[in-house]
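Containing mmCIF, C-alpha atoms, pLDDT in the B column; chains and numbers go by the auth columns: work.cif.
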data_final
#
loop_
_atom_site.group_PDB
_atom_site.id
_atom_site.type_symbol
_atom_site.label_atom_id
_atom_site.label_comp_id
_atom_site.label_asym_id
_atom_site.label_seq_id
_atom_site.Cartn_x
_atom_site.Cartn_y
_atom_site.Cartn_z
_atom_site.B_iso_or_equiv
_atom_site.auth_seq_id
_atom_site.auth_asym_id
ATOM 1 C CA MET A 1 17.833 0.766 13.012 45.00 973 A
ATOM 2 C CA LYS A 2 19.463 -1.886 10.838 48.00 974 A
ATOM 3 C CA ARG A 3 17.358 -2.940 7.883 49.00 975 A
ATOM 4 C CA THR A 4 17.638 -6.478 6.613 51.00 976 A
ATOM 5 C CA LEU A 5 16.877 -8.152 3.319 45.00 977 A
ATOM 6 C CA SER A 6 13.555 -9.277 4.808 68.00 978 A
ATOM 7 C CA THR A 7 12.718 -5.575 5.302 71.00 979 A
ATOM 8 C CA LEU A 8 13.433 -4.959 1.621 67.00 980 A
ATOM 9 C CA GLU A 9 11.293 -7.954 0.670 74.00 981 A
ATOM 10 C CA LYS A 10 8.483 -6.602 2.875 80.00 982 A
ATOM 11 C CA GLU A 11 8.655 -3.237 1.106 80.00 983 A
ATOM 12 C CA HIS A 12 8.496 -4.950 -2.284 75.00 984 A
ATOM 13 C CA GLN A 13 5.493 -6.983 -1.121 82.00 985 A
ATOM 14 C CA GLN A 14 3.819 -3.755 0.011 87.00 986 A
ATOM 15 C CA LEU A 15 4.407 -2.239 -3.441 84.00 987 A
ATOM 16 C CA ILE A 16 2.908 -5.276 -5.119 81.00 988 A
ATOM 17 C CA LEU A 17 -0.129 -5.272 -2.790 86.00 989 A
ATOM 18 C CA CYS A 18 -0.665 -1.542 -3.294 89.00 990 A
ATOM 19 C CA HIS A 19 -0.548 -1.998 -7.064 83.00 991 A
ATOM 20 C CA GLN A 20 -3.016 -4.890 -6.912 83.00 992 A
ATOM 21 C CA LEU A 21 -5.427 -3.007 -4.650 88.00 993 A
ATOM 22 C CA ILE A 22 -5.455 0.154 -6.753 86.00 994 A
ATOM 23 C CA ALA A 23 -5.813 -1.870 -9.964 80.00 995 A
ATOM 24 C CA SER A 24 -8.779 -3.867 -8.645 80.00 996 A
ATOM 25 C CA ARG A 25 -10.726 -1.500 -6.359 86.00 997 A
ATOM 26 C CA SER A 26 -11.623 2.160 -5.870 88.00 998 A
ATOM 27 C CA PHE A 27 -10.051 4.098 -3.019 93.00 999 A
ATOM 28 C CA SER A 28 -10.746 7.772 -2.427 93.00 1000 A
ATOM 29 C CA SER A 29 -8.380 8.266 0.521 95.00 1001 A
ATOM 30 C CA GLN A 30 -5.096 7.022 1.878 95.00 1002 A
ATOM 31 C CA GLU A 31 -6.939 6.022 5.051 96.00 1003 A
ATOM 32 C CA GLU A 32 -9.185 3.631 3.090 95.00 1004 A
ATOM 33 C CA LEU A 33 -6.103 2.113 1.495 96.00 1005 A
ATOM 34 C CA ARG A 34 -4.317 1.896 4.866 95.00 1006 A
ATOM 35 C CA GLN A 35 -7.291 0.025 6.366 96.00 1007 A
ATOM 36 C CA GLU A 36 -7.159 -2.462 3.498 95.00 1008 A
ATOM 37 C CA PHE A 37 -3.435 -2.993 4.144 95.00 1009 A
ATOM 38 C CA GLN A 38 -4.261 -3.660 7.796 95.00 1010 A
ATOM 39 C CA ARG A 39 -6.833 -6.272 6.748 94.00 1011 A
ATOM 40 C CA ALA A 40 -4.103 -7.852 4.600 92.00 1012 A
ATOM 41 C CA GLY A 41 -1.854 -8.255 7.652 92.00 1013 A
ATOM 42 C CA TYR A 42 0.134 -5.006 7.745 92.00 1014 A
ATOM 43 C CA ARG A 43 -1.243 -4.011 11.161 93.00 1015 A
ATOM 44 C CA ASN A 44 1.225 -1.186 11.878 92.00 1016 A
ATOM 45 C CA ILE A 45 1.338 0.447 8.454 93.00 1017 A
ATOM 46 C CA GLY A 46 1.146 4.228 8.649 93.00 1018 A
ATOM 47 C CA GLN A 47 -0.161 6.937 6.380 93.00 1019 A
ATOM 48 C CA SER A 48 3.379 8.035 5.474 93.00 1020 A
ATOM 49 C CA THR A 49 4.172 4.532 4.177 92.00 1021 A
ATOM 50 C CA ILE A 50 0.977 4.528 2.109 94.00 1022 A
ATOM 51 C CA SER A 51 1.918 7.942 0.729 92.00 1023 A
ATOM 52 C CA GLN A 52 5.406 6.699 -0.251 89.00 1024 A
ATOM 53 C CA LEU A 53 3.950 3.589 -1.927 89.00 1025 A
ATOM 54 C CA LEU A 54 1.565 5.735 -3.965 90.00 1026 A
ATOM 55 C CA LYS A 55 4.413 8.031 -4.988 87.00 1027 A
ATOM 56 C CA THR A 56 6.704 5.146 -5.933 82.00 1028 A
ATOM 57 C CA LEU A 57 3.997 3.563 -8.081 82.00 1029 A
ATOM 58 C CA GLY A 58 3.154 6.897 -9.737 83.00 1030 A
ATOM 59 C CA VAL A 59 -0.470 6.730 -8.578 87.00 1031 A
ATOM 60 C CA VAL A 60 -2.685 9.671 -9.524 88.00 1032 A
ATOM 61 C CA LYS A 61 -6.171 10.806 -8.499 89.00 1033 A
ATOM 62 C CA VAL A 62 -8.801 10.721 -11.237 87.00 1034 A
ATOM 63 C CA GLN A 63 -12.512 11.346 -11.343 82.00 1035 A
ATOM 64 C CA ASN A 64 -14.587 8.195 -11.801 77.00 1036 A
ATOM 65 C CA ALA A 65 -17.912 7.922 -13.681 75.00 1037 A
ATOM 66 C CA LYS A 66 -19.814 8.992 -10.556 76.00 1038 A
ATOM 67 C CA GLY A 67 -17.712 12.143 -10.195 81.00 1039 A
ATOM 68 C CA LYS A 68 -15.791 10.849 -7.170 86.00 1040 A
ATOM 69 C CA LYS A 69 -11.997 11.288 -7.044 90.00 1041 A
ATOM 70 C CA ILE A 70 -10.220 7.953 -6.688 90.00 1042 A
ATOM 71 C CA TYR A 71 -6.646 6.677 -6.864 89.00 1043 A
ATOM 72 C CA ALA A 72 -5.616 5.168 -10.185 85.00 1044 A
ATOM 73 C CA LEU A 73 -2.454 3.753 -11.665 78.00 1045 A
ATOM 74 C CA ASN A 74 -0.756 6.165 -14.018 74.00 1046 A
ATOM 75 C CA GLU A 75 -0.680 4.391 -17.368 59.00 1047 A
ATOM 76 C CA GLN A 76 2.729 5.907 -18.118 53.00 1048 A
ATOM 77 C CA SER A 77 4.342 4.368 -15.028 53.00 1049 A
ATOM 78 C CA GLN A 78 3.128 0.770 -14.928 47.00 1050 A
ATOM 79 C CA LEU A 79 6.497 -0.706 -13.975 50.00 1051 A
ATOM 80 C CA ILE A 80 6.251 -2.702 -10.751 48.00 1052 A
ATOM 81 C CA PRO A 81 9.436 -3.415 -8.860 50.00 1053 A
ATOM 82 C CA ASP A 82 10.034 -7.151 -8.831 52.00 1054 A
ATOM 83 C CA ALA A 83 11.453 -8.619 -5.612 53.00 1055 A
ATOM 84 C CA MET A 84 12.898 -11.521 -7.611 52.00 1056 A
ATOM 85 C CA ARG A 85 14.985 -9.252 -9.849 58.00 1057 A
ATOM 86 C CA SER A 86 18.720 -9.352 -9.140 72.00 1058 A
ATOM 87 C CA VAL A 87 20.418 -6.178 -7.982 74.00 1059 A
ATOM 88 C CA SER A 88 22.537 -6.026 -11.130 73.00 1060 A
ATOM 89 C CA GLU A 89 19.317 -5.929 -13.182 73.00 1061 A
ATOM 90 C CA MET A 90 18.033 -2.981 -11.129 77.00 1062 A
ATOM 91 C CA VAL A 91 21.099 -0.808 -11.790 83.00 1063 A
ATOM 92 C CA THR A 92 21.479 0.933 -15.143 81.00 1064 A
ATOM 93 C CA ASP A 93 24.733 2.829 -14.462 84.00 1065 A
ATOM 94 C CA VAL A 94 27.261 3.742 -11.790 88.00 1066 A
ATOM 95 C CA ASP A 95 29.095 6.983 -12.435 87.00 1067 A
ATOM 96 C CA HIS A 96 30.712 9.914 -10.644 89.00 1068 A
ATOM 97 C CA ASN A 97 31.663 13.549 -10.952 90.00 1069 A
ATOM 98 C CA PRO A 98 34.364 15.264 -8.876 91.00 1070 A
ATOM 99 C CA GLN A 99 32.200 15.210 -5.720 93.00 1071 A
ATOM 100 C CA PHE A 100 29.710 12.313 -5.758 93.00 1072 A
ATOM 101 C CA VAL A 101 28.962 8.838 -7.030 93.00 1073 A
ATOM 102 C CA VAL A 102 25.528 8.351 -8.615 92.00 1074 A
ATOM 103 C CA VAL A 103 23.921 4.950 -9.067 91.00 1075 A
ATOM 104 C CA HIS A 104 21.149 5.114 -11.673 86.00 1076 A
ATOM 105 C CA VAL A 105 18.463 2.454 -11.234 83.00 1077 A
ATOM 106 C CA MET A 106 15.221 1.372 -12.832 77.00 1078 A
ATOM 107 C CA PRO A 107 12.193 3.286 -11.447 73.00 1079 A
ATOM 108 C CA GLY A 108 11.123 2.009 -8.045 76.00 1080 A
ATOM 109 C CA TYR A 109 14.427 0.389 -7.066 81.00 1081 A
ATOM 110 C CA GLY A 110 16.442 3.352 -5.749 84.00 1082 A
ATOM 111 C CA ARG A 111 15.615 2.936 -2.077 85.00 1083 A
ATOM 112 C CA ALA A 112 16.384 -0.796 -2.128 85.00 1084 A
ATOM 113 C CA VAL A 113 19.738 -0.281 -3.851 88.00 1085 A
ATOM 114 C CA GLY A 114 20.552 2.605 -1.508 90.00 1086 A
ATOM 115 C CA ARG A 115 19.911 0.394 1.505 88.00 1087 A
ATOM 116 C CA ILE A 116 22.137 -2.335 0.108 88.00 1088 A
ATOM 117 C CA ILE A 117 24.993 0.153 -0.231 91.00 1089 A
ATOM 118 C CA ASP A 118 24.279 1.660 3.188 88.00 1090 A
ATOM 119 C CA GLN A 119 24.198 -1.748 4.907 88.00 1091 A
ATOM 120 C CA HIS A 120 27.774 -2.433 3.817 89.00 1092 A
ATOM 121 C CA ARG A 121 28.890 0.475 6.022 90.00 1093 A
ATOM 122 C CA LEU A 122 31.812 1.295 3.759 91.00 1094 A
ATOM 123 C CA PRO A 123 34.376 3.354 5.661 92.00 1095 A
ATOM 124 C CA GLU A 124 35.031 5.514 2.598 93.00 1096 A
ATOM 125 C CA VAL A 125 31.320 6.480 2.308 92.00 1097 A
ATOM 126 C CA PHE A 126 30.032 9.464 4.279 93.00 1098 A
ATOM 127 C CA GLY A 127 26.358 9.012 3.364 93.00 1099 A
ATOM 128 C CA VAL A 128 23.787 7.593 0.969 94.00 1100 A
ATOM 129 C CA ILE A 129 20.637 9.346 -0.284 93.00 1101 A
ATOM 130 C CA ALA A 130 18.160 7.460 -2.466 89.00 1102 A
ATOM 131 C CA SER A 131 15.169 8.401 -4.584 84.00 1103 A
ATOM 132 C CA SER A 132 13.012 6.136 -6.711 78.00 1104 A
ATOM 133 C CA THR A 133 15.392 6.280 -9.688 79.00 1105 A
ATOM 134 C CA SER A 134 18.845 7.089 -8.330 87.00 1106 A
ATOM 135 C CA VAL A 135 21.202 6.791 -5.393 93.00 1107 A
ATOM 136 C CA LEU A 136 23.604 9.582 -4.454 94.00 1108 A
ATOM 137 C CA VAL A 137 26.692 8.389 -2.585 95.00 1109 A
ATOM 138 C CA ALA A 138 28.841 10.990 -0.820 93.00 1110 A
ATOM 139 C CA PRO A 139 32.410 9.841 -0.226 93.00 1111 A
ATOM 140 C CA ARG A 140 34.305 10.875 2.906 92.00 1112 A
ATOM 141 C CA GLU A 141 37.155 12.089 0.709 91.00 1113 A
ATOM 142 C CA THR A 142 36.682 13.222 -2.888 88.00 1114 A
ATOM 143 C CA THR A 143 40.110 11.802 -3.680 90.00 1115 A
ATOM 144 C CA ALA A 144 38.616 8.316 -3.162 83.00 1116 A
ATOM 145 C CA LEU A 145 35.907 8.581 -5.858 88.00 1117 A
ATOM 146 C CA ASP A 146 37.365 5.937 -8.184 88.00 1118 A
ATOM 147 C CA ARG A 147 37.765 3.502 -5.282 89.00 1119 A
ATOM 148 C CA VAL A 148 34.226 4.191 -3.985 90.00 1120 A
ATOM 149 C CA CYS A 149 32.786 3.758 -7.490 89.00 1121 A
ATOM 150 C CA SER A 150 34.663 0.452 -7.967 90.00 1122 A
ATOM 151 C CA THR A 151 33.600 -0.807 -4.537 91.00 1123 A
ATOM 152 C CA ILE A 152 29.953 -0.015 -5.259 91.00 1124 A
ATOM 153 C CA ARG A 153 30.167 -1.791 -8.617 89.00 1125 A
ATOM 154 C CA ARG A 154 31.652 -4.830 -6.851 89.00 1126 A
ATOM 155 C CA ILE A 155 28.959 -4.839 -4.130 87.00 1127 A
ATOM 156 C CA LEU A 156 26.174 -4.543 -6.702 86.00 1128 A
ATOM 157 C CA ALA A 157 27.852 -6.997 -9.132 83.00 1129 A
ATOM 158 C CA ILE A 158 28.003 -4.366 -11.882 79.00 1130 A
ATOM 159 C CA LYS A 159 30.635 -4.563 -14.600 71.00 1131 A
ATOM 160 C CA GLU A 160 32.838 -1.563 -15.316 64.00 1132 A
ATOM 161 C CA ASN A 161 31.248 0.696 -17.929 54.00 1133 A
ATOM 162 C CA PRO A 162 34.015 2.141 -20.108 46.00 1134 A
ATOM 163 C CA SER A 163 31.532 4.390 -21.948 44.00 1135 A
ATOM 164 C CA SER A 164 30.201 6.136 -18.836 46.00 1136 A
ATOM 165 C CA ASN A 165 30.393 9.911 -18.845 39.00 1137 A
ATOM 166 C CA ARG A 166 32.785 10.561 -15.998 36.00 1138 A
ATOM 167 C CA LEU A 167 33.887 14.102 -15.502 32.00 1139 A
ATOM 168 C CA PRO A 168 37.606 14.677 -14.871 31.00 1140 A
#
Whole structure given in structure tokens:
Amino acid sequence: MKRTLSTLEKEHQQLILCHQLIASRSFSSQEELRQEFQRAGYRNIGQSTISQLLKTLGVVKVQNAKGKKIYALNEQSQLIPDAMRSVSEMVTDVDHNPQFVVVHVMPGYGRAVGRIIDQHRLPEVFGVIASSTSVLVAPRETTALDRVCSTIRRILAIKENPSSNRLP
């Protein structure tokens, strides 16, 4: 299934809504949160999406004053991905070792950056795996690492970093 920029925007909007809901109300289950998303217009949102949103935002369960466990924002991870941020602002480094290219990103942006790379369907790229903070790019041929790294920098509008720690 091809994902478009509107899909990425939708995911960012879901992150923002999830953050707002958790910051303003008490939820003791993912099902309660899912029902609130449905009321907000996300009719087909599933539990797995809610789970991923909570993970991306670093949400934790805490005990409230009444002794009930509720979801809360982790004070140490209050960064919210911003849909208006340019891709080059999301990326902190693009580097490689003898086997893989790694794109380091600000927390919460890994999946979006990974999709951008994946959507370009680069012939020299075998696969892309993304987490919240990094994107692992596997080249088809390890002899093409410099070219893959340069192509990714060009796609993401990242300048060459002469101080990156490339391994020989």
**Q.** From A:Val1066, A:Leu1005, A:Ile988, A:Val1100, residue lying nearest A:Leu1029 [all atoms listed in the file]
**A.** A:Ile988
Reference answer for the PyMOL selection byres ((chain A and resi 1104) around 12), as a CSV table (one decimal) with C-alpha atoms, keeping the file's coordinate frame:
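Once everything was written out, this is selection11.csv:
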chain,number,residue,atom,x,y,z
A,1024,GLN,CA,5.4,6.7,-0.3
A,1025,LEU,CA,4.0,3.6,-1.9
A,1026,LEU,CA,1.6,5.7,-4.0
A,1027,LYS,CA,4.4,8.0,-5.0
A,1028,THR,CA,6.7,5.1,-5.9
A,1029,LEU,CA,4.0,3.6,-8.1
A,1030,GLY,CA,3.2,6.9,-9.7
A,1051,LEU,CA,6.5,-0.7,-14.0
A,1052,ILE,CA,6.3,-2.7,-10.8
A,1053,PRO,CA,9.4,-3.4,-8.9
A,1062,MET,CA,18.0,-3.0,-11.1
A,1063,VAL,CA,21.1,-0.8,-11.8
A,1075,VAL,CA,23.9,5.0,-9.1
A,1076,HIS,CA,21.1,5.1,-11.7
A,1077,VAL,CA,18.5,2.5,-11.2
A,1078,MET,CA,15.2,1.4,-12.8
A,1079,PRO,CA,12.2,3.3,-11.4
A,1080,GLY,CA,11.1,2.0,-8.0
A,1081,TYR,CA,14.4,0.4,-7.1
A,1082,GLY,CA,16.4,3.4,-5.7
A,1083,ARG,CA,15.6,2.9,-2.1
A,1084,ALA,CA,16.4,-0.8,-2.1
A,1085,VAL,CA,19.7,-0.3,-3.9
A,1086,GLY,CA,20.6,2.6,-1.5
A,1101,ILE,CA,20.6,9.3,-0.3
A,1102,ALA,CA,18.2,7.5,-2.5
A,1103,SER,CA,15.2,8.4,-4.6
A,1105,THR,CA,15.4,6.3,-9.7
A,1106,SER,CA,18.8,7.1,-8.3
A,1107,VAL,CA,21.2,6.8,-5.4
A,1108,LEU,CA,23.6,9.6,-4.5
Q. So how far away is atom CA of A:Thr1114 from atom CA of A:Gln1071, in Å?
A.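 It comes out at 5.7 Å.
Relative to atom CA of A:Ser1020, atom CA of A:Arg1006 is found at 9.9 Å.
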(Q) Just the number, please: distance in Å from atom CA of A:Pro1111 to atom CA of A:Glu1096, one decimal. (A) 5.8 Å
Q. Expanded to explicit residues, what is the PyMOL selection byres ((chain A and resi 1009) around 12) for this file, as JSON, numbers by chain?
A. {"A": [985, 986, 987, 988, 989, 990, 991, 992, 993, 994, 1002, 1003, 1004, 1005, 1006, 1007, 1008, 1010, 1011, 1012, 1013, 1014, 1015, 1016, 1017, 1018, 1019, 1021, 1022, 1025]}
Distance table requested - stretch 998-1096 of chain A against stretch 1120-1134 of chain A, cut-off 8 Å, only C-alpha atoms: one row per qualifying residue with the closest atom pair and its distance in Å to one decimal, ordered by chain and rising residue number, as a tab-separated table.
residue	atom	partner	partner_atom	distance
A:Val1059	CA	A:Leu1128	CA	6.1
A:Ser1060	CA	A:Ala1129	CA	5.8
A:Val1063	CA	A:Ile1130	CA	7.8
A:Asp1065	CA	A:Asn1133	CA	7.7
A:Val1066	CA	A:Cys1121	CA	7.0
A:Asp1067	CA	A:Cys1121	CA	7.0
A:His1068	CA	A:Cys1121	CA	7.2
A:Val1073	CA	A:Cys1121	CA	6.4
A:Ile1089	CA	A:Ile1124	CA	7.1
A:Glu1096	CA	A:Val1120	CA	6.8
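For the residues A:Asn1069, A:Thr979, A:Ser998, A:Thr1115, ranking by smallest atom-to-atom distance to A:Lys1038 using all atoms listed in the file places A:Ser998 first.
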With 8 Å added on each side, what axis-aligned box encloses every listed atom of stretch 982-994 of chain A? Give the centre and edge lengths in Å to one decimal, as AutoDock Vina command-line options.
--center_x 1.6 --center_y -3.4 --center_z -2.1 --size_x 30.1 --size_y 23.1 --size_z 25.9
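You can rank A:Leu1117, A:Val1109, A:Leu1094, A:Ile1042 by their closest distance to A:Ser1001 using all atoms listed in the file, and at the top of that list sits A:Ile1042.
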